Amino acid sequence: MFALIRGKSRRWLGALCLAGALLALAGCAAEPPAVTVKVTMRRYRIEPEEIRLKLGQRVRFEVSSADVQHGFDVPELGIHEPLRPGKPAVFDFTPDRKGVFEMKCGILCGPGHEQMKGKIIVE
Ligand SMILES: [Cu+2]
């Protein structure tokens, strides 16, 4: 059947198939991840202090501040998300390597700022 369609129309059909495939892919990517990780930052802690993730599993982070401006930083994983009270940072993340990675506050928020630390364990 495909052989009957020649030249230009065949190319168009090819382009249409390709566009369809790309749309299907985009549709999959837009689906929210199955796992949501909720994190609360407050003076002077990160809750929870320890987060366990699975290698290759996309998760959605919802990081909020309970008081002042903080920054959710995991430098080794390239995460730098500023947050304000009432304005959480929501982003998807897929861990691509195993290990223990330090998370900390990235915005000076007071005298206990340096104590705001935790770890993300990817296994
Ligand atoms: Cu801070």
# chains A, B, ... in the order shown; residues from 1 in each chain; ligands from 1
$ residues_around --residues "Gly78 in chain A" --least-positions-apart "6" --cutoff "12 Å" --atoms "only C-alpha atoms" --output "ChimeraX atom specification"
/A:72,93-96,101-103
$ residues_around --residues "Glu123 in chain A" --least-positions-apart "2" --cutoff "9 Å" --atoms "only C-alpha atoms" --output "list in words"
Arg52, Leu53, Lys54, Leu55, Arg97, Lys98, Gly99, Val100 and Ile121 of chain A
$ residues_around --residues "Gln69 in chain A" --least-positions-apart "6" --cutoff "10 Å" --atoms "only C-alpha atoms" --output "JSON, numbers by chain"
{"A": [41, 42, 43, 82, 83, 84, 85, 86, 87, 105, 106, 107, 108, 109]}
$ atom_distance --atom1 "CA of Tyr44 in chain A" --atom2 "CA of Arg58 in chain A"
28.1 Å
$ atom_distance --atom1 "CA of Pro32 in chain A" --atom2 "CA of Val74 in chain A"
21.8 Å
$ residues_around --residues "Val35 in chain A" --least-positions-apart "4" --cutoff "10 Å" --atoms "only C-alpha atoms" --output "list in words"
Leu53, Gln57, Arg58, Val59, Arg60, Phe61 and Asp92 of chain A
